[in-house]
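Text of structure-v1.cif (mmCIF, C-alpha atoms, pLDDT in the B column; chains and numbers go by the auth columns) as supplied:
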data_protein
loop_
_atom_site.group_PDB
_atom_site.id
_atom_site.type_symbol
_atom_site.label_atom_id
_atom_site.label_comp_id
_atom_site.label_asym_id
_atom_site.label_seq_id
_atom_site.Cartn_x
_atom_site.Cartn_y
_atom_site.Cartn_z
_atom_site.B_iso_or_equiv
_atom_site.auth_seq_id
_atom_site.auth_asym_id
ATOM 1 C CA MET A 1 6.844 -25.516 25.479 54.00 7 Z
ATOM 2 C CA LEU A 2 3.923 -25.738 23.058 60.00 8 Z
ATOM 3 C CA GLY A 3 4.254 -22.020 22.274 79.00 9 Z
ATOM 4 C CA GLU A 4 7.901 -22.397 21.225 84.00 10 Z
ATOM 5 C CA LYS A 5 7.056 -25.393 19.038 83.00 11 Z
ATOM 6 C CA HIS A 6 4.245 -23.431 17.381 80.00 12 Z
ATOM 7 C CA LEU A 7 6.574 -20.493 16.827 83.00 13 Z
ATOM 8 C CA ALA A 8 9.235 -22.732 15.258 82.00 14 Z
ATOM 9 C CA ILE A 9 6.732 -24.361 12.886 83.00 15 Z
ATOM 10 C CA SER A 10 5.262 -20.983 11.924 84.00 16 Z
ATOM 11 C CA SER A 11 8.745 -19.578 11.281 85.00 17 Z
ATOM 12 C CA LEU A 12 9.690 -22.516 9.048 86.00 18 Z
ATOM 13 C CA ALA A 13 6.411 -22.236 7.125 84.00 19 Z
ATOM 14 C CA CYS A 14 6.951 -18.486 6.570 86.00 20 Z
ATOM 15 C CA ALA A 15 10.542 -19.051 5.434 86.00 21 Z
ATOM 16 C CA ALA A 16 9.473 -21.783 2.985 85.00 22 Z
ATOM 17 C CA PHE A 17 6.702 -19.537 1.636 85.00 23 Z
ATOM 18 C CA GLY A 18 9.120 -16.617 1.238 83.00 24 Z
ATOM 19 C CA ILE A 19 11.699 -18.686 -0.623 85.00 25 Z
ATOM 20 C CA THR A 20 8.994 -20.062 -2.931 82.00 26 Z
ATOM 21 C CA MET A 21 7.709 -16.557 -3.667 79.00 27 Z
ATOM 22 C CA LEU A 22 11.232 -15.296 -4.429 77.00 28 Z
ATOM 23 C CA PHE A 23 11.743 -18.172 -6.869 72.00 29 Z
ATOM 24 C CA LEU A 24 8.434 -17.467 -8.635 71.00 30 Z
ATOM 25 C CA LEU A 25 9.107 -13.728 -8.738 70.00 31 Z
ATOM 26 C CA ASN A 26 12.555 -14.315 -10.238 62.00 32 Z
ATOM 27 C CA GLU A 27 11.008 -16.469 -12.965 58.00 33 Z
ATOM 28 C CA ALA A 28 8.507 -13.713 -13.766 62.00 34 Z
ATOM 29 C CA ILE A 29 11.202 -11.021 -13.895 75.00 35 Z
ATOM 30 C CA GLU A 30 13.575 -12.883 -16.220 85.00 36 Z
ATOM 31 C CA PRO A 31 13.497 -11.295 -19.697 92.00 37 Z
ATOM 32 C CA ARG A 32 12.006 -13.216 -22.613 91.00 38 Z
ATOM 33 C CA GLU A 33 14.692 -14.387 -25.041 95.00 39 Z
ATOM 34 C CA LEU A 34 13.466 -13.398 -28.487 97.00 40 Z
ATOM 35 C CA SER A 35 14.676 -12.798 -32.008 97.00 41 Z
ATOM 36 C CA VAL A 36 14.222 -9.345 -33.508 96.00 42 Z
ATOM 37 C CA ARG A 37 11.457 -10.695 -35.784 96.00 43 Z
ATOM 38 C CA GLU A 38 9.432 -11.741 -32.728 97.00 44 Z
ATOM 39 C CA ILE A 39 9.372 -8.220 -31.265 97.00 45 Z
ATOM 40 C CA ASN A 40 6.186 -6.307 -32.023 96.00 46 Z
ATOM 41 C CA GLU A 41 3.873 -3.698 -30.492 95.00 47 Z
ATOM 42 C CA SER A 42 2.202 -6.285 -28.258 96.00 48 Z
ATOM 43 C CA LEU A 43 5.497 -6.498 -26.320 96.00 49 Z
ATOM 44 C CA VAL A 44 5.714 -2.767 -25.490 96.00 50 Z
ATOM 45 C CA GLY A 45 6.669 -2.465 -21.829 94.00 51 Z
ATOM 46 C CA GLU A 46 8.011 -6.027 -21.579 93.00 52 Z
ATOM 47 C CA ARG A 47 11.595 -6.991 -20.739 94.00 53 Z
ATOM 48 C CA VAL A 48 13.330 -8.905 -23.522 97.00 54 Z
ATOM 49 C CA SER A 49 16.744 -10.313 -24.312 97.00 55 Z
ATOM 50 C CA VAL A 50 17.899 -10.110 -27.944 97.00 56 Z
ATOM 51 C CA ALA A 51 21.237 -11.102 -29.461 97.00 57 Z
ATOM 52 C CA GLY A 52 22.724 -9.898 -32.729 97.00 58 Z
ATOM 53 C CA ARG A 53 25.381 -7.897 -34.552 97.00 59 Z
ATOM 54 C CA VAL A 54 25.724 -4.152 -34.130 97.00 60 Z
ATOM 55 C CA ASP A 55 25.333 -2.746 -37.671 97.00 61 Z
ATOM 56 C CA TRP A 56 25.464 0.947 -36.794 96.00 62 Z
ATOM 57 C CA ALA A 57 26.280 2.848 -33.614 96.00 63 Z
ATOM 58 C CA LEU A 58 26.239 6.457 -32.456 96.00 64 Z
ATOM 59 C CA GLU A 59 27.997 7.186 -29.175 95.00 65 Z
ATOM 60 C CA LYS A 60 27.367 10.362 -27.202 95.00 66 Z
ATOM 61 C CA ASP A 61 28.338 11.433 -23.689 92.00 67 Z
ATOM 62 C CA ASN A 62 25.235 10.027 -22.010 96.00 68 Z
ATOM 63 C CA PHE A 63 23.913 7.373 -24.415 97.00 69 Z
ATOM 64 C CA ILE A 64 24.667 4.892 -27.182 97.00 70 Z
ATOM 65 C CA LEU A 65 22.156 4.451 -30.019 97.00 71 Z
ATOM 66 C CA PHE A 66 22.678 1.420 -32.236 98.00 72 Z
ATOM 67 C CA THR A 67 21.034 -1.010 -34.632 97.00 73 Z
ATOM 68 C CA LEU A 68 20.960 -4.681 -33.675 97.00 74 Z
ATOM 69 C CA ASN A 69 20.752 -7.209 -36.523 97.00 75 Z
ATOM 70 C CA ASP A 70 19.972 -10.927 -36.241 96.00 76 Z
ATOM 71 C CA GLY A 71 18.582 -11.178 -39.776 96.00 77 Z
ATOM 72 C CA ALA A 72 16.040 -8.463 -38.922 97.00 78 Z
ATOM 73 C CA LYS A 73 16.929 -5.072 -37.452 97.00 79 Z
ATOM 74 C CA ILE A 74 15.845 -3.093 -34.413 98.00 80 Z
ATOM 75 C CA LYS A 75 17.117 0.114 -32.830 98.00 81 Z
ATOM 76 C CA ALA A 76 18.366 0.027 -29.261 98.00 82 Z
ATOM 77 C CA ILE A 77 19.454 2.812 -26.939 98.00 83 Z
ATOM 78 C CA LYS A 78 21.451 2.578 -23.722 98.00 84 Z
ATOM 79 C CA PHE A 79 21.447 5.590 -21.421 98.00 85 Z
ATOM 80 C CA SER A 80 24.440 6.151 -19.120 97.00 86 Z
ATOM 81 C CA PRO A 81 26.432 3.216 -20.532 96.00 87 Z
ATOM 82 C CA SER A 82 29.403 1.871 -18.604 95.00 88 Z
ATOM 83 C CA TRP A 83 32.849 1.934 -20.203 93.00 89 Z
ATOM 84 C CA GLU A 84 32.550 -1.799 -20.786 94.00 90 Z
ATOM 85 C CA GLU A 85 29.193 -1.379 -22.543 95.00 91 Z
ATOM 86 C CA ARG A 86 30.650 1.399 -24.696 93.00 92 Z
ATOM 87 C CA GLY A 87 33.389 -0.988 -25.811 92.00 93 Z
ATOM 88 C CA LEU A 88 30.964 -3.808 -26.521 93.00 94 Z
ATOM 89 C CA ALA A 89 28.489 -1.803 -28.623 93.00 95 Z
ATOM 90 C CA GLY A 90 30.843 -0.905 -31.474 92.00 96 Z
ATOM 91 C CA LYS A 91 29.971 -1.526 -35.117 94.00 97 Z
ATOM 92 C CA GLY A 92 30.478 -5.188 -36.052 95.00 98 Z
ATOM 93 C CA SER A 93 30.308 -6.428 -32.436 96.00 99 Z
ATOM 94 C CA TYR A 94 28.060 -9.310 -31.401 97.00 100 Z
ATOM 95 C CA VAL A 95 26.084 -8.452 -28.282 98.00 101 Z
ATOM 96 C CA THR A 96 23.104 -9.447 -26.202 97.00 102 Z
ATOM 97 C CA VAL A 97 20.815 -6.615 -25.153 97.00 103 Z
ATOM 98 C CA VAL A 98 18.478 -6.888 -22.181 97.00 104 Z
ATOM 99 C CA GLY A 99 15.883 -4.136 -21.926 97.00 105 Z
ATOM 100 C CA LYS A 100 12.309 -2.970 -22.359 97.00 106 Z
ATOM 101 C CA VAL A 101 10.476 -2.719 -25.655 98.00 107 Z
ATOM 102 C CA GLN A 102 9.043 0.725 -26.338 97.00 108 Z
ATOM 103 C CA LEU A 103 7.545 2.789 -29.133 97.00 109 Z
ATOM 104 C CA TYR A 104 9.411 5.954 -30.047 96.00 110 Z
ATOM 105 C CA LYS A 105 8.133 8.065 -32.945 95.00 111 Z
ATOM 106 C CA ASN A 106 5.966 5.095 -34.018 94.00 112 Z
ATOM 107 C CA GLU A 107 8.965 2.759 -34.238 96.00 113 Z
ATOM 108 C CA ILE A 108 9.691 -0.168 -31.960 97.00 114 Z
ATOM 109 C CA GLU A 109 12.992 0.010 -30.109 98.00 115 Z
ATOM 110 C CA ILE A 110 14.666 -1.472 -27.058 98.00 116 Z
ATOM 111 C CA VAL A 111 15.693 0.717 -24.142 98.00 117 Z
ATOM 112 C CA ALA A 112 18.660 -1.316 -22.935 97.00 118 Z
ATOM 113 C CA GLU A 113 19.231 -2.011 -19.283 96.00 119 Z
ATOM 114 C CA GLU A 114 22.326 -4.048 -20.039 96.00 120 Z
ATOM 115 C CA ILE A 115 24.634 -4.773 -22.984 97.00 121 Z
ATOM 116 C CA ARG A 116 26.621 -8.012 -22.764 95.00 122 Z
ATOM 117 C CA GLN A 117 29.061 -9.830 -24.984 93.00 123 Z
ATOM 118 C CA TRP A 118 27.243 -12.508 -26.971 89.00 124 Z
#

Can the structure in the file be given as structure tokens, please?
Amino acid sequence: MLGEKHLAISSLACAAFGITMLFLLNEAIEPRELSVREINESLVGERVSVAGRVDWALEKDNFILFTLNDGAKIKAIKFSPSWEERGLAGKGSYVTVVGKVQLYKNEIEIVAEEIRQW
């Protein structure tokens, strides 16, 4: 009887710990919402979320390269975009880009994981 009670308490404690860890991990994984002006070399490798207007776009078979403008400009690239993302990233569109900041040829850009309607 005591063994089953101990097992039940241990199981509940482990479940509570697991749920707490998942919550904390989710908070750590959420991208930082920033303006283009706030993105700099110190953020290389970090996930960010940036919203703005697409000023220029180049669409190829396996990627879309575009410039995002919220008063300042930054290049973004999305590899293997979905059909929906292709439609969203047209010139003049307002989008939110979630992705990682990287340096490419000494310029800061965002490698998009997701393109959403703003």

_Distance criterion (only C-alpha atoms): nearest to Ile80 (chain Z) out of Z:Val54, Z:Ile114, Z:Lys106, Z:Asn68_ = Z:Ile114

_Once the PyMOL selection byres ((chain Z and resi 75) around 12) has been evaluated on this model, what residues remain selected, and can you format them as number ranges by chain?_
Z: 41-43, 56-63, 72-74, 76-82, 97-103

*Distance CA of Lys84 (chain Z)-CA of Glu120 (chain Z), one decimal place?*
7.6 Å

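Taking all atoms listed in the file into account, the polymer residues that have an atom no farther than 8 Å from (15.2, -12.6, -21.9) are Z:Glu36, Z:Pro37, Z:Arg38, Z:Glu39, Z:Leu40, Z:Arg53, Z:Val54, Z:Ser55, Z:Val56, Z:Val104.
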
*asked:* For Arg92 (chain Z), find every residue with an atom within 10 Å (counting only C-alpha atoms), except residues of its own chain fewer than 6 positions away, and show them as a PyMOL selection string.
replied: chain Z and resi 65-66+69-70+84+86+121

*Atomic distance CA of Val107 (chain Z) - CA of Leu49 (chain Z), expressed in Å with one decimal*: 6.3 Å

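Interatomic distance, CA of Ile35 (chain Z) to CA of Glu47 (chain Z): 19.6 Å.
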
Kindly compute an axis-aligned box around the listed atoms of region 19-37 of chain Z, allowing 4 Å on each side, and express its centre and edge lengths in Å to one decimal as lines of an AutoDock Vina configuration file.
center_x = 10.0
center_y = -16.6
center_z = -6.3
size_x = 15.2
size_y = 19.2
size_z = 34.8

Just add N, CA and C atoms to region 80-115 of chain Z and send it as an mmCIF file, in the frame of the given file.
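Okay, this is what ended up in out-v1.cif:
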data_model
loop_
_atom_site.group_PDB
_atom_site.id
_atom_site.type_symbol
_atom_site.label_atom_id
_atom_site.label_comp_id
_atom_site.auth_asym_id
_atom_site.auth_seq_id
_atom_site.Cartn_x
_atom_site.Cartn_y
_atom_site.Cartn_z
ATOM 1 N N ILE Z 80 16.573 -3.886 -35.384
ATOM 2 C CA ILE Z 80 15.845 -3.093 -34.413
ATOM 3 C C ILE Z 80 16.814 -2.082 -33.799
ATOM 4 N N LYS Z 81 16.296 -0.893 -33.510
ATOM 5 C CA LYS Z 81 17.117 0.114 -32.830
ATOM 6 C C LYS Z 81 17.132 -0.172 -31.342
ATOM 7 N N ALA Z 82 18.245 0.136 -30.713
ATOM 8 C CA ALA Z 82 18.366 0.027 -29.261
ATOM 9 C C ALA Z 82 19.100 1.257 -28.759
ATOM 10 N N ILE Z 83 18.775 1.670 -27.552
ATOM 11 C CA ILE Z 83 19.454 2.812 -26.939
ATOM 12 C C ILE Z 83 19.794 2.439 -25.506
ATOM 13 N N LYS Z 84 21.001 2.807 -25.094
ATOM 14 C CA LYS Z 84 21.451 2.578 -23.722
ATOM 15 C C LYS Z 84 21.847 3.921 -23.141
ATOM 16 N N PHE Z 85 21.126 4.351 -22.105
ATOM 17 C CA PHE Z 85 21.447 5.590 -21.421
ATOM 18 C C PHE Z 85 22.483 5.311 -20.337
ATOM 19 N N SER Z 86 23.382 6.257 -20.132
ATOM 20 C CA SER Z 86 24.440 6.151 -19.120
ATOM 21 C C SER Z 86 25.187 4.824 -19.205
ATOM 22 N N PRO Z 87 25.733 4.497 -20.391
ATOM 23 C CA PRO Z 87 26.432 3.216 -20.532
ATOM 24 C C PRO Z 87 27.739 3.208 -19.747
ATOM 25 N N SER Z 88 28.107 2.033 -19.267
ATOM 26 C CA SER Z 88 29.403 1.871 -18.604
ATOM 27 C C SER Z 88 30.496 1.872 -19.677
ATOM 28 N N TRP Z 89 31.741 1.977 -19.241
ATOM 29 C CA TRP Z 89 32.849 1.934 -20.203
ATOM 30 C C TRP Z 89 32.887 0.587 -20.907
ATOM 31 N N GLU Z 90 32.576 -0.470 -20.182
ATOM 32 C CA GLU Z 90 32.550 -1.799 -20.786
ATOM 33 C C GLU Z 90 31.473 -1.882 -21.870
ATOM 34 N N GLU Z 91 30.276 -1.354 -21.565
ATOM 35 C CA GLU Z 91 29.193 -1.379 -22.543
ATOM 36 C C GLU Z 91 29.533 -0.539 -23.764
ATOM 37 N N ARG Z 92 30.213 0.579 -23.558
ATOM 38 C CA ARG Z 92 30.650 1.399 -24.696
ATOM 39 C C ARG Z 92 31.570 0.601 -25.612
ATOM 40 N N GLY Z 93 32.473 -0.167 -25.018
ATOM 41 C CA GLY Z 93 33.389 -0.988 -25.811
ATOM 42 C C GLY Z 93 32.693 -2.125 -26.541
ATOM 43 N N LEU Z 94 31.675 -2.676 -25.926
ATOM 44 C CA LEU Z 94 30.964 -3.808 -26.521
ATOM 45 C C LEU Z 94 30.067 -3.412 -27.681
ATOM 46 N N ALA Z 95 29.528 -2.199 -27.655
ATOM 47 C CA ALA Z 95 28.489 -1.803 -28.623
ATOM 48 C C ALA Z 95 29.046 -1.160 -29.882
ATOM 49 N N GLY Z 96 30.274 -1.449 -30.254
ATOM 50 C CA GLY Z 96 30.843 -0.905 -31.474
ATOM 51 C C GLY Z 96 30.348 -1.632 -32.714
ATOM 52 N N LYS Z 97 30.413 -0.945 -33.840
ATOM 53 C CA LYS Z 97 29.971 -1.526 -35.117
ATOM 54 C C LYS Z 97 30.694 -2.850 -35.364
ATOM 55 N N GLY Z 98 29.928 -3.878 -35.754
ATOM 56 C CA GLY Z 98 30.478 -5.188 -36.052
ATOM 57 C C GLY Z 98 30.550 -6.117 -34.850
ATOM 58 N N SER Z 99 30.275 -5.605 -33.647
ATOM 59 C CA SER Z 99 30.308 -6.428 -32.436
ATOM 60 C C SER Z 99 29.061 -7.306 -32.357
ATOM 61 N N TYR Z 100 29.189 -8.428 -31.677
ATOM 62 C CA TYR Z 100 28.060 -9.310 -31.401
ATOM 63 C C TYR Z 100 27.715 -9.168 -29.926
ATOM 64 N N VAL Z 101 26.490 -8.737 -29.656
ATOM 65 C CA VAL Z 101 26.084 -8.452 -28.282
ATOM 66 C C VAL Z 101 24.708 -9.045 -27.975
ATOM 67 N N THR Z 102 24.440 -9.140 -26.697
ATOM 68 C CA THR Z 102 23.104 -9.447 -26.202
ATOM 69 C C THR Z 102 22.619 -8.214 -25.471
ATOM 70 N N VAL Z 103 21.413 -7.795 -25.778
ATOM 71 C CA VAL Z 103 20.815 -6.615 -25.153
ATOM 72 C C VAL Z 103 19.628 -7.075 -24.312
ATOM 73 N N VAL Z 104 19.613 -6.642 -23.059
ATOM 74 C CA VAL Z 104 18.478 -6.888 -22.181
ATOM 75 C C VAL Z 104 17.846 -5.533 -21.905
ATOM 76 N N GLY Z 105 16.549 -5.415 -22.154
ATOM 77 C CA GLY Z 105 15.883 -4.136 -21.926
ATOM 78 C C GLY Z 105 14.398 -4.216 -22.186
ATOM 79 N N LYS Z 106 13.759 -3.051 -22.163
ATOM 80 C CA LYS Z 106 12.309 -2.970 -22.359
ATOM 81 C C LYS Z 106 11.984 -2.501 -23.765
ATOM 82 N N VAL Z 107 10.971 -3.107 -24.336
ATOM 83 C CA VAL Z 107 10.476 -2.719 -25.655
ATOM 84 C C VAL Z 107 9.635 -1.463 -25.482
ATOM 85 N N GLN Z 108 9.855 -0.491 -26.372
ATOM 86 C CA GLN Z 108 9.043 0.725 -26.338
ATOM 87 C C GLN Z 108 8.809 1.229 -27.748
ATOM 88 N N LEU Z 109 7.811 2.090 -27.873
ATOM 89 C CA LEU Z 109 7.545 2.789 -29.133
ATOM 90 C C LEU Z 109 8.110 4.193 -29.006
ATOM 91 N N TYR Z 110 8.878 4.596 -30.012
ATOM 92 C CA TYR Z 110 9.411 5.954 -30.047
ATOM 93 C C TYR Z 110 9.225 6.464 -31.466
ATOM 94 N N LYS Z 111 8.469 7.517 -31.623
ATOM 95 C CA LYS Z 111 8.133 8.065 -32.945
ATOM 96 C C LYS Z 111 7.577 6.966 -33.848
ATOM 97 N N ASN Z 112 6.651 6.187 -33.313
ATOM 98 C CA ASN Z 112 5.966 5.095 -34.018
ATOM 99 C C ASN Z 112 6.894 3.983 -34.491
ATOM 100 N N GLU Z 113 8.066 3.866 -33.918
ATOM 101 C CA GLU Z 113 8.965 2.759 -34.238
ATOM 102 C C GLU Z 113 9.274 1.986 -32.965
ATOM 103 N N ILE Z 114 9.354 0.677 -33.100
ATOM 104 C CA ILE Z 114 9.691 -0.168 -31.960
ATOM 105 C C ILE Z 114 11.197 -0.106 -31.733
ATOM 106 N N GLU Z 115 11.578 0.036 -30.473
ATOM 107 C CA GLU Z 115 12.992 0.010 -30.109
ATOM 108 C C GLU Z 115 13.133 -0.634 -28.741
#
